[in-house]
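Below is one structure, written out as structure tokens, with a few remarks after it.
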Number of protein chains: 2
Amino acid sequence: MRRPIRYIVVADGDFGPMTSKTANAIIRYQPERVVAVLDRRLAGRTVGEVLGFGGGIPVVGSVQEGLAPGANALLIGIAPVGGRLPDEWRAWLAEGLDAGCDVVSGLHTFLADDPVLAAKAGAGGGRILDLRRPPADLPVAAGRVKALDAYVVLTVGTDCNVGKMTAQLQLTGELTRRGVRTRFVPTGQTGIMLEGWGIAVDAVVADFIAGAAERITLEGAADADIVLVEGQGSINHPGYSGVTLGLLHGSCPDGLILCHQASRRYIGDYREEAWLRIPPLSEYVRVYETVGSMVHPTRVLGVCLNTYDLPEAEAHRACEEASRDTGLPATDPVRFDPDPLIAAVLKGREAKLARRAGRV
Amino acid sequence: MRRPIRYIVVADGDFGPMTSKTANAIIRYQPERVVAVLDRRLAGRTVGEVLGFGGGIPVVGSVQEGLAPGANALLIGIAPVGGRLPDEWRAWLAEGLDAGCDVVSGLHTFLADDPVLAAKAGAGGGRILDLRRPPADLPVAAGRVKALDAYVVLTVGTDCNVGKMTAQLQLTGELTRRGVRTRFVPTGQTGIMLEGWGIAVDAVVADFIAGAAERITLEGAADADIVLVEGQGSINHPGYSGVTLGLLHGSCPDGLILCHQASRRYIGDYREEAWLRIPPLSEYVRVYETVGSMVHPTRVLGVCLNTYDLPEAEAHRACEEASRDTGLPATDPVRFDPDPLIAAVLKGREAKLARRAGRV
């Protein structure tokens, strides 16, 4: 972008600790870019009061209130099921574009294809950036990741929105601090927004999911020894499992990290009808390893728990139980020591190097 | 279409018993619609000589030769990896459109988006029909198939192009002859071409694979007691497995039929590098049942072998081996008696009815 970004994050009606995933990621990792959050229900409160982090950033009830402290961009901060734009938001985005703000969106419906918004963007100073728009020239996967020296780790989950991106960002930060050349590979709109590159694999044409995953994994490996690929969905998510499997087979990971929200009992998008109970973690380990290894040998290195909504003692207990169930290291790398996962990744990397050296 | 269809099937450079899947399906099931096949390599021969079926339909070397006997449409008869249009074909299609022919395509690249071809179609009498273009309003899957009374069967495979569509067409024909209200649900361009409806699930945006599968399965069930859904790809196909799993979870099948080409040892798209050896059928049974049942209880009913390239004795032996390996009925329903599969489907249907009656 042309100037330091100062966002109004639009999360109307849905701002909260577990609901507004994109909003929360930008506030957690790049709070200096956020001047206000728009949610009419919560106007007058602070982000810190609502999320438990984010400090004094105000929650406002209109675009006008966000423009006052100097916003120059609007960011769509929620990802509704299906990714489509709530109709009433269109007027706010038009107001922002009229005021010269960029509009940044990760929705499936591309805002630049909306005639009204496109006309506003054409006339005013604001641009529309559709993060989910895929490249036009994606290939079918060819297994080129198999040949990499870099050690590739993919996060896989028990559901959507359990912390697959957060886990990789935490591990990337910690490995980088330790001097390991590590690259985070964004596969969703939030990761792309934070990193400035990547492909939203859930938005590509179905035949090219794995091809897209392969392309960005190779790109991430160009200057890194460890490549941490952001996972999507879950192997048993009724709506999105195809994205999950395409990503698993396209990125040919050497290792997997299984992510789970410790308090969750049902797949979230279907919780109202209590359709799909989340099976034991050990079953996920077995299924991800079996199905992943049909294409490229892989194993689960450890379990990453999201325990934000549990008291500390319960959170520790959840980590112990996960470790007992799976026989693997388990931690909440945001809340507790990420070292068990870091150690597992480094050990996996060493084993791969030894295997490759042994072959020469 | 406006008039009885008379196709020139364009399969240049790739017409053959196992290569030109779309061409072969139209010739097998609707030969009265085919006046010529265009393949310069084989011009002068007959379709029967090349495929072993299709009789005296001529193979020609130019569009002009196909127009002479009265063609009014061109059909793209091959599906290259990635589904894109070979550049040199564009001139033939333009020639056809100029002559007033419709152009029917199942490629990923939509011909109607090609400015040259679109201009020809706009000016002349010929229209462009892109069978793979998905509806604009697809939903995320919601599990609505679970509530159906109809018995849903999906074909799953060990690879692409092993006979998943053919199996369902054979079973649909046989069940219909026996008076069972049966509906074939097309999920790929060839099935759509034959049936005149359906969605190419490999061409939808990745988040909507399962939603698309759900929609057409429900549509198929509207007037049928048995719904036979066309499968796609394979759970271990490095490029297309995401499509396979989305279809498996979106169509919530009660039963599966595992399809395999008996002579095949490697996943075909990667056979040159001998990357992926096809594991035993019993492993596919285990994986498909495990992963499918994470969303909706399902089991494999039987094995459908494609033995077209084996001598008869070997073909029988392959069926016996498949049956021994899996403990399930196995047959080649094109070559031999389809009854073992028909019986398994009918038995599954009865068991579902009994379960549902027991619940009332």
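By convention in this document, the chains of the structure tokens carry letters A, B, ... by their order, each chain's residues are numbered from 1, and ligands are numbered from 1 in the order they are shown.
Residue list for chain A within 6 Å of chain B: Gly82, Val140, Ala141, Asp202, Ala203, Val204, Val205, Ala206, Asp207, Ala210, Asn236, Pro238, Gly239, Tyr240, Ser241, Gly242, Val243, Leu245, Gly246, His249 and Met294 of chain A, counting only C-alpha atoms.
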Write the selection just made, keeping N, CA and C atoms, as a PDB file, in the first residue's frame?
ATOM      1  N   GLY A  82     -19.576 -19.074   4.046  1.00  0.00           N
ATOM      2  CA  GLY A  82     -19.747 -18.833   2.623  1.00  0.00           C
ATOM      3  C   GLY A  82     -19.013 -17.600   2.154  1.00  0.00           C
ATOM      4  N   VAL A 140      -2.096 -27.884 -11.993  1.00  0.00           N
ATOM      5  CA  VAL A 140      -2.447 -29.087 -11.237  1.00  0.00           C
ATOM      6  C   VAL A 140      -1.184 -29.519 -10.483  1.00  0.00           C
ATOM      7  N   ALA A 141      -1.343 -29.980  -9.255  1.00  0.00           N
ATOM      8  CA  ALA A 141      -0.174 -30.343  -8.444  1.00  0.00           C
ATOM      9  C   ALA A 141       0.658 -31.413  -9.139  1.00  0.00           C
ATOM     10  N   ASP A 202      -8.976 -21.772  -0.409  1.00  0.00           N
ATOM     11  CA  ASP A 202     -10.408 -22.089  -0.425  1.00  0.00           C
ATOM     12  C   ASP A 202     -11.151 -21.337  -1.533  1.00  0.00           C
ATOM     13  N   ALA A 203     -10.463 -20.429  -2.211  1.00  0.00           N
ATOM     14  CA  ALA A 203     -11.113 -19.611  -3.238  1.00  0.00           C
ATOM     15  C   ALA A 203     -10.694 -20.000  -4.652  1.00  0.00           C
ATOM     16  N   VAL A 204      -9.827 -20.993  -4.780  1.00  0.00           N
ATOM     17  CA  VAL A 204      -9.402 -21.399  -6.127  1.00  0.00           C
ATOM     18  C   VAL A 204     -10.401 -22.412  -6.689  1.00  0.00           C
ATOM     19  N   VAL A 205     -10.377 -22.613  -7.994  1.00  0.00           N
ATOM     20  CA  VAL A 205     -11.193 -23.649  -8.615  1.00  0.00           C
ATOM     21  C   VAL A 205     -10.748 -25.014  -8.068  1.00  0.00           C
ATOM     22  N   ALA A 206     -11.728 -25.870  -7.772  1.00  0.00           N
ATOM     23  CA  ALA A 206     -11.479 -27.081  -6.992  1.00  0.00           C
ATOM     24  C   ALA A 206     -10.338 -27.942  -7.515  1.00  0.00           C
ATOM     25  N   ASP A 207     -10.190 -28.059  -8.833  1.00  0.00           N
ATOM     26  CA  ASP A 207      -9.132 -28.898  -9.397  1.00  0.00           C
ATOM     27  C   ASP A 207      -7.731 -28.367  -9.102  1.00  0.00           C
ATOM     28  N   ALA A 210      -4.657 -28.297  -4.710  1.00  0.00           N
ATOM     29  CA  ALA A 210      -3.331 -28.846  -4.426  1.00  0.00           C
ATOM     30  C   ALA A 210      -2.256 -28.119  -5.228  1.00  0.00           C
ATOM     31  N   ASN A 236     -12.711 -33.678   8.518  1.00  0.00           N
ATOM     32  CA  ASN A 236     -14.111 -34.104   8.693  1.00  0.00           C
ATOM     33  C   ASN A 236     -15.075 -32.924   8.743  1.00  0.00           C
ATOM     34  N   PRO A 238     -17.868 -30.992   7.112  1.00  0.00           N
ATOM     35  CA  PRO A 238     -18.767 -31.329   6.003  1.00  0.00           C
ATOM     36  C   PRO A 238     -18.729 -30.341   4.853  1.00  0.00           C
ATOM     37  N   GLY A 239     -18.415 -29.088   5.107  1.00  0.00           N
ATOM     38  CA  GLY A 239     -18.393 -28.108   4.036  1.00  0.00           C
ATOM     39  C   GLY A 239     -17.028 -27.941   3.395  1.00  0.00           C
ATOM     40  N   TYR A 240     -15.972 -28.008   4.199  1.00  0.00           N
ATOM     41  CA  TYR A 240     -14.666 -27.551   3.720  1.00  0.00           C
ATOM     42  C   TYR A 240     -13.586 -28.630   3.658  1.00  0.00           C
ATOM     43  N   SER A 241     -13.943 -29.891   3.887  1.00  0.00           N
ATOM     44  CA  SER A 241     -12.920 -30.940   3.954  1.00  0.00           C
ATOM     45  C   SER A 241     -12.123 -31.068   2.658  1.00  0.00           C
ATOM     46  N   GLY A 242     -12.734 -30.727   1.527  1.00  0.00           N
ATOM     47  CA  GLY A 242     -12.020 -30.824   0.257  1.00  0.00           C
ATOM     48  C   GLY A 242     -10.822 -29.879   0.214  1.00  0.00           C
ATOM     49  N   VAL A 243     -11.003 -28.688   0.772  1.00  0.00           N
ATOM     50  CA  VAL A 243      -9.903 -27.725   0.841  1.00  0.00           C
ATOM     51  C   VAL A 243      -8.782 -28.293   1.715  1.00  0.00           C
ATOM     52  N   LEU A 245      -8.008 -31.426   2.384  1.00  0.00           N
ATOM     53  CA  LEU A 245      -7.268 -32.537   1.795  1.00  0.00           C
ATOM     54  C   LEU A 245      -6.410 -32.079   0.622  1.00  0.00           C
ATOM     55  N   GLY A 246      -6.917 -31.159  -0.193  1.00  0.00           N
ATOM     56  CA  GLY A 246      -6.116 -30.637  -1.295  1.00  0.00           C
ATOM     57  C   GLY A 246      -4.854 -29.960  -0.783  1.00  0.00           C
ATOM     58  N   HIS A 249      -2.399 -32.699   0.485  1.00  0.00           N
ATOM     59  CA  HIS A 249      -1.694 -33.425  -0.579  1.00  0.00           C
ATOM     60  C   HIS A 249      -0.826 -32.513  -1.445  1.00  0.00           C
ATOM     61  N   MET A 294      -0.708 -41.416   2.028  1.00  0.00           N
ATOM     62  CA  MET A 294      -1.014 -42.059   0.750  1.00  0.00           C
ATOM     63  C   MET A 294      -0.323 -41.310  -0.394  1.00  0.00           C
TER      64      MET A 294
END
* Exercise: segment 324-330 of chain B partners within 6 Å, only C-alpha atoms, chain neighbours under 3 positions left out, as JSON, numbers by chain -> {"B": [282, 302, 303, 304, 319, 321, 340]}
* **Filtered DSSP result for segment 23-215 of chain B, state strand (DSSP E or B), as number ranges by chain** => B: 34-38, 46, 58-60, 73-76, 102-105, 128-130, 151-157, 182-185, 205
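Considering the residues B:Ala354, B:Val104, B:Ala99, B:Leu256 and counting only C-alpha atoms, Gly196 of chain B has its shortest atom-to-atom contact with B:Val104.
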* To do: Go ahead and compute the interatomic distance for atom CA of Ala71 of chain A and atom CA of Pro186 of chain A, in Å to one decimal.
  => 25.6 Å
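Remark: for Arg132 of chain B, the closest of the candidate residues B:Pro115, B:Gly191, B:Gly348, B:Pro17 is B:Gly191 (distances computed over only C-alpha atoms).
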* Pick from A:Leu194, A:Ala136, A:Ala112, A:Val60 nearest to Asn24 of chain A, counting only C-alpha atoms ->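 Checking each candidate against Asn24 of chain A, we get A:Leu194 as the closest.
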* Hey, which of A:Gln261, A:Thr22, A:Thr166, A:Gln64 ends up closest to Ala36 of chain A? Count only C-alpha atoms. ->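 Among the listed residues, the smallest separation from Ala36 of chain A belongs to A:Gln64.
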* Compile the contact shell of Val59 of chain B as a ChimeraX atom specification: residues with an atom at most 8 Å away, counting only C-alpha atoms, same-chain residues fewer than 5 positions apart removed. => /B:36-39,42-47
Grab the residues selected above and save them as a tab-separated table (two decimals), in the first residue's frame with C-alpha atoms.
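Saved as again03.tsv:
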chain	number	residue	atom	x	y	z
B	36	ALA	CA	-17.49	-37.75	-37.11
B	37	VAL	CA	-14.46	-37.69	-34.83
B	38	LEU	CA	-11.66	-35.23	-35.65
B	39	ASP	CA	-8.16	-36.65	-35.09
B	42	LEU	CA	-6.22	-41.41	-37.38
B	43	ALA	CA	-8.10	-39.79	-40.31
B	44	GLY	CA	-9.55	-42.37	-42.66
B	45	ARG	CA	-10.18	-45.04	-40.05
B	46	THR	CA	-13.50	-45.74	-38.35
B	47	VAL	CA	-14.37	-45.24	-34.71
* Counting only C-alpha atoms, which of B:Arg264, B:Arg215, B:Arg40, B:Arg183 gets nearest to Met18 of chain B? -> B:Arg264
* To do: Rounded to one decimal place, report the atom CA of Pro134 of chain A-atom CA of Glu195 of chain A distance in Å.
  =>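 Here the two named atoms are 16.0 Å from each other.
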